[in-house]
Every structure is written in C-alpha cells, then in structure tokens.
$ cat final00.cif   # mmCIF, C-alpha atoms; chains and numbers go by the auth columns
data_work
#
loop_
_atom_site.group_PDB
_atom_site.id
_atom_site.type_symbol
_atom_site.label_atom_id
_atom_site.label_comp_id
_atom_site.label_asym_id
_atom_site.label_seq_id
_atom_site.Cartn_x
_atom_site.Cartn_y
_atom_site.Cartn_z
_atom_site.B_iso_or_equiv
_atom_site.auth_seq_id
_atom_site.auth_asym_id
ATOM 1 C CA ASP A 1 12.285 -10.003 -3.446 0.00 1 A
ATOM 2 C CA PHE A 2 14.505 -7.203 -4.715 0.00 2 A
ATOM 3 C CA ILE A 3 16.097 -6.252 -1.374 0.00 3 A
ATOM 4 C CA PRO A 4 19.484 -8.003 -1.092 0.00 4 A
ATOM 5 C CA LYS A 5 19.889 -10.572 1.679 0.00 5 A
ATOM 6 C CA GLY A 6 21.125 -8.924 4.858 0.00 6 A
ATOM 7 C CA SER A 7 19.843 -5.517 3.765 0.00 7 A
ATOM 8 C CA GLN A 8 16.804 -3.585 4.866 0.00 8 A
ATOM 9 C CA GLY A 9 14.340 -1.423 3.028 0.00 9 A
ATOM 10 C CA PHE A 10 10.744 -0.789 2.197 0.00 10 A
ATOM 11 C CA HIS A 11 8.877 -3.136 -0.099 0.00 11 A
ATOM 12 C CA HIS A 12 6.183 -0.535 -0.760 0.00 12 A
ATOM 13 C CA ILE A 13 4.366 2.487 0.542 0.00 13 A
ATOM 14 C CA CYS A 14 0.634 2.976 0.168 0.00 14 A
ATOM 15 C CA ILE A 15 -1.067 6.116 -1.083 0.00 15 A
ATOM 16 C CA LEU A 16 -4.838 6.555 -0.814 0.00 16 A
ATOM 17 C CA VAL A 17 -5.993 8.297 -3.979 0.00 17 A
ATOM 18 C CA PRO A 18 -9.404 9.889 -4.600 0.00 18 A
ATOM 19 C CA ASP A 19 -9.232 9.488 -8.403 0.00 19 A
ATOM 20 C CA PHE A 20 -7.755 6.038 -8.916 0.00 20 A
ATOM 21 C CA PRO A 21 -7.835 5.886 -12.753 0.00 21 A
ATOM 22 C CA ALA A 22 -6.226 9.329 -13.108 0.00 22 A
ATOM 23 C CA GLU A 23 -3.507 8.634 -10.547 0.00 23 A
ATOM 24 C CA LYS A 24 -2.689 5.244 -12.046 0.00 24 A
ATOM 25 C CA GLN A 25 -2.438 6.843 -15.474 0.00 25 A
ATOM 26 C CA ARG A 26 -0.183 9.589 -14.075 0.00 26 A
ATOM 27 C CA PHE A 27 2.268 6.955 -12.784 0.00 27 A
ATOM 28 C CA GLU A 28 2.140 5.019 -16.066 0.00 28 A
ATOM 29 C CA ASP A 29 2.711 8.195 -18.085 0.00 29 A
ATOM 30 C CA ALA A 30 5.771 8.889 -15.927 0.00 30 A
ATOM 31 C CA GLY A 31 7.186 5.454 -16.859 0.00 31 A
ATOM 32 C CA PHE A 32 6.107 3.495 -13.782 0.00 32 A
ATOM 33 C CA PRO A 33 3.933 0.574 -14.925 0.00 33 A
ATOM 34 C CA ALA A 34 1.493 -1.399 -12.809 0.00 34 A
ATOM 35 C CA VAL A 35 3.011 -4.762 -11.891 0.00 35 A
ATOM 36 C CA THR A 36 0.080 -6.112 -9.868 0.00 36 A
ATOM 37 C CA GLU A 37 -3.572 -5.149 -9.723 0.00 37 A
ATOM 38 C CA LEU A 38 -5.996 -6.235 -7.030 0.00 38 A
ATOM 39 C CA LEU A 39 -9.598 -5.667 -6.113 0.00 39 A
ATOM 40 C CA SER A 40 -10.659 -5.778 -2.485 0.00 40 A
ATOM 41 C CA ALA A 41 -12.622 -3.023 -0.795 0.00 41 A
ATOM 42 C CA ALA A 42 -11.192 -0.826 -3.545 0.00 42 A
ATOM 43 C CA ARG A 43 -9.083 -0.929 -6.668 0.00 43 A
ATOM 44 C CA VAL A 44 -5.382 -1.385 -5.923 0.00 44 A
ATOM 45 C CA SER A 45 -2.286 -1.257 -8.141 0.00 45 A
ATOM 46 C CA TYR A 46 1.356 -1.735 -7.285 0.00 46 A
ATOM 47 C CA MET A 47 3.351 0.640 -9.455 0.00 47 A
ATOM 48 C CA ASP A 48 6.966 -0.232 -10.238 0.00 48 A
ATOM 49 C CA THR A 49 8.823 2.788 -8.908 0.00 49 A
ATOM 50 C CA THR A 50 11.800 0.702 -7.774 0.00 50 A
ATOM 51 C CA ARG A 51 14.306 2.267 -10.175 0.00 51 A
ATOM 52 C CA ALA A 52 13.476 5.785 -8.959 0.00 52 A
ATOM 53 C CA LEU A 53 12.552 5.228 -5.299 0.00 53 A
ATOM 54 C CA GLY A 54 13.892 1.791 -4.359 0.00 54 A
ATOM 55 C CA PHE A 55 10.415 0.460 -3.548 0.00 55 A
ATOM 56 C CA PHE A 56 6.948 0.021 -5.058 0.00 56 A
ATOM 57 C CA VAL A 57 4.113 2.514 -4.660 0.00 57 A
ATOM 58 C CA GLU A 58 0.753 0.951 -3.876 0.00 58 A
ATOM 59 C CA LEU A 59 -2.114 3.060 -5.175 0.00 59 A
ATOM 60 C CA TYR A 60 -5.244 2.357 -3.153 0.00 60 A
ATOM 61 C CA GLU A 61 -8.596 3.794 -4.160 0.00 61 A
ATOM 62 C CA ASP A 62 -9.862 5.926 -1.286 0.00 62 A
ATOM 63 C CA ASN A 63 -13.376 5.282 -0.016 0.00 63 A
ATOM 64 C CA PRO A 64 -15.184 5.080 3.361 0.00 64 A
ATOM 65 C CA LEU A 65 -14.756 1.296 3.691 0.00 65 A
ATOM 66 C CA VAL A 66 -11.001 1.588 3.141 0.00 66 A
ATOM 67 C CA ARG A 67 -10.772 4.438 5.654 0.00 67 A
ATOM 68 C CA GLU A 68 -12.627 2.301 8.214 0.00 68 A
ATOM 69 C CA ARG A 69 -10.291 -0.662 7.630 0.00 69 A
ATOM 70 C CA PHE A 70 -7.187 1.516 7.979 0.00 70 A
ATOM 71 C CA ALA A 71 -8.604 3.119 11.144 0.00 71 A
ATOM 72 C CA ASN A 72 -9.120 -0.364 12.632 0.00 72 A
ATOM 73 C CA TRP A 73 -5.522 -1.316 11.828 0.00 73 A
ATOM 74 C CA LYS A 74 -4.286 1.899 13.425 0.00 74 A
ATOM 75 C CA ALA A 75 -6.382 1.290 16.543 0.00 75 A
ATOM 76 C CA SER A 76 -4.931 -2.226 16.814 0.00 76 A
ATOM 77 C CA HIS A 77 -1.453 -0.726 16.548 0.00 77 A
ATOM 78 C CA ASP A 78 -2.152 2.025 19.080 0.00 78 A
ATOM 79 C CA ASN A 79 -3.575 -0.432 21.609 0.00 79 A
ATOM 80 C CA TRP A 80 -0.923 -3.150 21.252 0.00 80 A
ATOM 81 C CA ASP A 81 0.916 -3.887 24.479 0.00 81 A
ATOM 82 C CA GLY A 82 3.886 -5.517 22.755 0.00 82 A
ATOM 83 C CA ARG A 83 2.797 -9.091 23.490 0.00 83 A
ATOM 84 C CA ASP A 84 1.199 -11.647 21.189 0.00 84 A
ATOM 85 C CA PRO A 85 2.325 -10.304 17.787 0.00 85 A
ATOM 86 C CA ILE A 86 -0.128 -12.559 15.938 0.00 86 A
ATOM 87 C CA ARG A 87 -3.674 -11.503 16.724 0.00 87 A
ATOM 88 C CA PRO A 88 -6.977 -11.160 14.876 0.00 88 A
ATOM 89 C CA MET A 89 -7.697 -7.983 13.016 0.00 89 A
#
$ encode --input "final00.cif" --output "structure tokens"
Amino acid sequence: DFIPKGSQGFHHICILVPDFPAEKQRFEDAGFPAVTELLSAARVSYMDTTRALGFFVELYEDNPLVRERFANWKASHDNWDGRDPIRPM
C-alpha cells in the first residue's frame, strides 16, 4: 500500500451518499478519479484523494440495505467483549 512501513494512517474513509452519480462526478470534477468501482448492496467507488487527504475516500450509495448492514456491524462492535477477534458477521 501507500503507507510507509512502520507508519500508521488511514487507508480510506467511507461516506454514504444519497446521489451516488452526482457525488462521484463532483469528486472527479475536483481532480479525484475513481480508482476502483464495486457493486455489492450498492454502487461503490474508491476515489483517489491521497494527494490531498493522505487516504482514499470510499463513496457508498446510501440505501436501506446498506444502512441495515452498517447497523449490524455497529451492533457487533458495541457488543464485543474484547475476546475472539475473528467472528461471523
């Protein structure tokens, strides 16, 4: 990756966006191209903001299924007792 060995930093942050095409275009117009595009429960693009922010911005299309998935992840986090770091989601 782009973080030097022995250093720490974010790889990316995620932003849920209600208008995915418009937000993606806004990043591209500002000079931050998409470097990876995915399709899961929503459209997803990793925008290359590394030169300005030091990490990527993940644009994630907001929808009820995505909100449910994120809520489940948060509940798993909130209820974790610190043991068994590898567990089903």
$ resolve_selection --input "final00.cif" --expression "the PyMOL selection byres ((chain A and resi 50) around 12)" --output "short mmCIF file (atom, residue, chain, number, x, y, z; two decimals) with C-alpha atoms, keeping the file's coordinate frame"
data_model
loop_
_atom_site.label_atom_id
_atom_site.label_comp_id
_atom_site.auth_asym_id
_atom_site.auth_seq_id
_atom_site.Cartn_x
_atom_site.Cartn_y
_atom_site.Cartn_z
CA ASP A 1 12.28 -10.00 -3.45
CA PHE A 2 14.50 -7.20 -4.72
CA ILE A 3 16.10 -6.25 -1.37
CA GLY A 9 14.34 -1.42 3.03
CA PHE A 10 10.74 -0.79 2.20
CA HIS A 11 8.88 -3.14 -0.10
CA HIS A 12 6.18 -0.54 -0.76
CA ILE A 13 4.37 2.49 0.54
CA GLY A 31 7.19 5.45 -16.86
CA PHE A 32 6.11 3.50 -13.78
CA PRO A 33 3.93 0.57 -14.92
CA ALA A 34 1.49 -1.40 -12.81
CA VAL A 35 3.01 -4.76 -11.89
CA TYR A 46 1.36 -1.74 -7.28
CA MET A 47 3.35 0.64 -9.46
CA ASP A 48 6.97 -0.23 -10.24
CA THR A 49 8.82 2.79 -8.91
CA ARG A 51 14.31 2.27 -10.18
CA ALA A 52 13.48 5.78 -8.96
CA LEU A 53 12.55 5.23 -5.30
CA GLY A 54 13.89 1.79 -4.36
CA PHE A 55 10.42 0.46 -3.55
CA PHE A 56 6.95 0.02 -5.06
CA VAL A 57 4.11 2.51 -4.66
CA GLU A 58 0.75 0.95 -3.88
#
$ closest_residue --input "final00.cif" --among "A:Glu68, A:Gln8, A:Ser45, A:Ser40" --to "A:Gln25" --atoms "all atoms listed in the file"
A:Ser45
$ atom_distance --input "final00.cif" --atom1 "atom CA of A:Gly6" --atom2 "atom CA of A:Pro85"
22.9 Å
$ atom_distance --input "final00.cif" --atom1 "atom CA of A:Asp29" --atom2 "atom CA of A:Asp62"
21.1 Å
$ resolve_selection --input "final00.cif" --expression "the PyMOL selection byres ((chain A and resi 15) around 7)" --output "list in words"
Ile13, Cys14, Leu16, Val17, Glu58, Leu59 and Tyr60 of chain A
$ write_last_selection --input "final00.cif" --atoms "C-alpha atoms" --output "mmCIF file, in the frame of the given file"
data_model
loop_
_atom_site.group_PDB
_atom_site.id
_atom_site.type_symbol
_atom_site.label_atom_id
_atom_site.label_comp_id
_atom_site.auth_asym_id
_atom_site.auth_seq_id
_atom_site.Cartn_x
_atom_site.Cartn_y
_atom_site.Cartn_z
ATOM 1 C CA ILE A 13 4.366 2.487 0.542
ATOM 2 C CA CYS A 14 0.634 2.976 0.168
ATOM 3 C CA LEU A 16 -4.838 6.555 -0.814
ATOM 4 C CA VAL A 17 -5.993 8.297 -3.979
ATOM 5 C CA GLU A 58 0.753 0.951 -3.876
ATOM 6 C CA LEU A 59 -2.114 3.060 -5.175
ATOM 7 C CA TYR A 60 -5.244 2.357 -3.153
#
$ atom_distance --input "final00.cif" --atom1 "atom CA of A:Asn63" --atom2 "atom CA of A:Val44"
12.0 Å
$ closest_residue --input "final00.cif" --among "A:Ala41, A:Lys24, A:Asp19, A:Ala30" --to "A:Leu65" --atoms "only C-alpha atoms"
A:Ala41
$ axis_aligned_box --input "final00.cif" --around "stretch 42-60 of chain A" --padding-each-side "8 Å" --output "JSON"
{"center_x": 1.6, "center_y": 2.0, "center_z": -6.7, "size_x": 41.5, "size_y": 23.5, "size_z": 23.1}
$ closest_residue --input "final00.cif" --among "A:Pro88, A:Ala42, A:His77, A:Gly82" --to "A:Pro18" --atoms "all atoms listed in the file"
A:Ala42
$ closest_residue --input "final00.cif" --among "A:Arg26, A:Glu61, A:Val66, A:Ser76" --to "A:Leu38" --atoms "all atoms listed in the file"
A:Glu61
$ build_atoms --input "final00.cif" --residues "stretch 59-81 of chain A" --atoms "N, CA, C and O atoms" --output "PDB file, in the frame of the given file"
ATOM      1  N   LEU A  59      -1.008   2.110  -5.047  1.00  0.00           N
ATOM      2  CA  LEU A  59      -2.114   3.060  -5.175  1.00  0.00           C
ATOM      3  C   LEU A  59      -3.373   2.358  -4.702  1.00  0.00           C
ATOM      4  O   LEU A  59      -3.705   1.273  -5.189  1.00  0.00           O
ATOM      5  N   TYR A  60      -4.060   2.960  -3.758  1.00  0.00           N
ATOM      6  CA  TYR A  60      -5.244   2.357  -3.153  1.00  0.00           C
ATOM      7  C   TYR A  60      -6.385   3.343  -3.295  1.00  0.00           C
ATOM      8  O   TYR A  60      -6.296   4.484  -2.839  1.00  0.00           O
ATOM      9  N   GLU A  61      -7.443   2.915  -3.956  1.00  0.00           N
ATOM     10  CA  GLU A  61      -8.596   3.794  -4.160  1.00  0.00           C
ATOM     11  C   GLU A  61      -9.223   4.160  -2.817  1.00  0.00           C
ATOM     12  O   GLU A  61      -9.580   3.295  -2.026  1.00  0.00           O
ATOM     13  N   ASP A  62      -9.326   5.431  -2.554  1.00  0.00           N
ATOM     14  CA  ASP A  62      -9.862   5.926  -1.286  1.00  0.00           C
ATOM     15  C   ASP A  62     -11.389   5.833  -1.292  1.00  0.00           C
ATOM     16  O   ASP A  62     -12.035   6.203  -2.272  1.00  0.00           O
ATOM     17  N   ASN A  63     -11.935   5.313  -0.204  1.00  0.00           N
ATOM     18  CA  ASN A  63     -13.376   5.282  -0.016  1.00  0.00           C
ATOM     19  C   ASN A  63     -13.658   5.054   1.469  1.00  0.00           C
ATOM     20  O   ASN A  63     -12.742   4.728   2.235  1.00  0.00           O
ATOM     21  N   PRO A  64     -14.888   5.220   1.930  1.00  0.00           N
ATOM     22  CA  PRO A  64     -15.184   5.080   3.361  1.00  0.00           C
ATOM     23  C   PRO A  64     -14.847   3.704   3.941  1.00  0.00           C
ATOM     24  O   PRO A  64     -14.372   3.611   5.077  1.00  0.00           O
ATOM     25  N   LEU A  65     -15.070   2.634   3.192  1.00  0.00           N
ATOM     26  CA  LEU A  65     -14.756   1.296   3.691  1.00  0.00           C
ATOM     27  C   LEU A  65     -13.257   1.127   3.917  1.00  0.00           C
ATOM     28  O   LEU A  65     -12.819   0.571   4.924  1.00  0.00           O
ATOM     29  N   VAL A  66     -12.454   1.649   2.999  1.00  0.00           N
ATOM     30  CA  VAL A  66     -11.001   1.588   3.141  1.00  0.00           C
ATOM     31  C   VAL A  66     -10.564   2.410   4.350  1.00  0.00           C
ATOM     32  O   VAL A  66      -9.733   1.968   5.144  1.00  0.00           O
ATOM     33  N   ARG A  67     -11.120   3.594   4.502  1.00  0.00           N
ATOM     34  CA  ARG A  67     -10.772   4.438   5.654  1.00  0.00           C
ATOM     35  C   ARG A  67     -11.103   3.723   6.971  1.00  0.00           C
ATOM     36  O   ARG A  67     -10.330   3.789   7.924  1.00  0.00           O
ATOM     37  N   GLU A  68     -12.243   3.035   7.011  1.00  0.00           N
ATOM     38  CA  GLU A  68     -12.627   2.301   8.214  1.00  0.00           C
ATOM     39  C   GLU A  68     -11.639   1.172   8.499  1.00  0.00           C
ATOM     40  O   GLU A  68     -11.211   0.976   9.635  1.00  0.00           O
ATOM     41  N   ARG A  69     -11.256   0.437   7.462  1.00  0.00           N
ATOM     42  CA  ARG A  69     -10.291  -0.662   7.630  1.00  0.00           C
ATOM     43  C   ARG A  69      -8.952  -0.128   8.134  1.00  0.00           C
ATOM     44  O   ARG A  69      -8.367  -0.682   9.060  1.00  0.00           O
ATOM     45  N   PHE A  70      -8.464   0.950   7.548  1.00  0.00           N
ATOM     46  CA  PHE A  70      -7.187   1.516   7.979  1.00  0.00           C
ATOM     47  C   PHE A  70      -7.278   2.039   9.416  1.00  0.00           C
ATOM     48  O   PHE A  70      -6.340   1.908  10.189  1.00  0.00           O
ATOM     49  N   ALA A  71      -8.415   2.630   9.776  1.00  0.00           N
ATOM     50  CA  ALA A  71      -8.604   3.119  11.144  1.00  0.00           C
ATOM     51  C   ALA A  71      -8.577   1.954  12.141  1.00  0.00           C
ATOM     52  O   ALA A  71      -8.010   2.082  13.234  1.00  0.00           O
ATOM     53  N   ASN A  72      -9.153   0.814  11.763  1.00  0.00           N
ATOM     54  CA  ASN A  72      -9.120  -0.364  12.632  1.00  0.00           C
ATOM     55  C   ASN A  72      -7.696  -0.871  12.804  1.00  0.00           C
ATOM     56  O   ASN A  72      -7.302  -1.263  13.908  1.00  0.00           O
ATOM     57  N   TRP A  73      -6.924  -0.889  11.731  1.00  0.00           N
ATOM     58  CA  TRP A  73      -5.522  -1.316  11.828  1.00  0.00           C
ATOM     59  C   TRP A  73      -4.749  -0.374  12.745  1.00  0.00           C
ATOM     60  O   TRP A  73      -3.953  -0.802  13.572  1.00  0.00           O
ATOM     61  N   LYS A  74      -4.986   0.928  12.586  1.00  0.00           N
ATOM     62  CA  LYS A  74      -4.286   1.899  13.425  1.00  0.00           C
ATOM     63  C   LYS A  74      -4.667   1.721  14.889  1.00  0.00           C
ATOM     64  O   LYS A  74      -3.810   1.769  15.775  1.00  0.00           O
ATOM     65  N   ALA A  75      -5.946   1.498  15.164  1.00  0.00           N
ATOM     66  CA  ALA A  75      -6.382   1.290  16.543  1.00  0.00           C
ATOM     67  C   ALA A  75      -5.726   0.042  17.130  1.00  0.00           C
ATOM     68  O   ALA A  75      -5.293   0.060  18.297  1.00  0.00           O
ATOM     69  N   SER A  76      -5.610  -1.014  16.339  1.00  0.00           N
ATOM     70  CA  SER A  76      -4.931  -2.226  16.814  1.00  0.00           C
ATOM     71  C   SER A  76      -3.476  -1.917  17.142  1.00  0.00           C
ATOM     72  O   SER A  76      -2.940  -2.387  18.146  1.00  0.00           O
ATOM     73  N   HIS A  77      -2.843  -1.129  16.315  1.00  0.00           N
ATOM     74  CA  HIS A  77      -1.453  -0.726  16.548  1.00  0.00           C
ATOM     75  C   HIS A  77      -1.346   0.123  17.822  1.00  0.00           C
ATOM     76  O   HIS A  77      -0.507  -0.123  18.679  1.00  0.00           O
ATOM     77  N   ASP A  78      -2.204   1.116  17.934  1.00  0.00           N
ATOM     78  CA  ASP A  78      -2.152   2.025  19.080  1.00  0.00           C
ATOM     79  C   ASP A  78      -2.382   1.308  20.403  1.00  0.00           C
ATOM     80  O   ASP A  78      -1.838   1.711  21.434  1.00  0.00           O
ATOM     81  N   ASN A  79      -3.203   0.267  20.382  1.00  0.00           N
ATOM     82  CA  ASN A  79      -3.575  -0.432  21.609  1.00  0.00           C
ATOM     83  C   ASN A  79      -2.729  -1.671  21.887  1.00  0.00           C
ATOM     84  O   ASN A  79      -2.976  -2.356  22.880  1.00  0.00           O
ATOM     85  N   TRP A  80      -1.736  -1.954  21.071  1.00  0.00           N
ATOM     86  CA  TRP A  80      -0.923  -3.150  21.252  1.00  0.00           C
ATOM     87  C   TRP A  80       0.021  -2.966  22.429  1.00  0.00           C
ATOM     88  O   TRP A  80       0.714  -1.952  22.546  1.00  0.00           O
ATOM     89  N   ASP A  81       0.069  -3.954  23.289  1.00  0.00           N
ATOM     90  CA  ASP A  81       0.916  -3.887  24.479  1.00  0.00           C
ATOM     91  C   ASP A  81       2.289  -4.521  24.269  1.00  0.00           C
ATOM     92  O   ASP A  81       3.077  -4.637  25.201  1.00  0.00           O
TER      93      ASP A  81
END
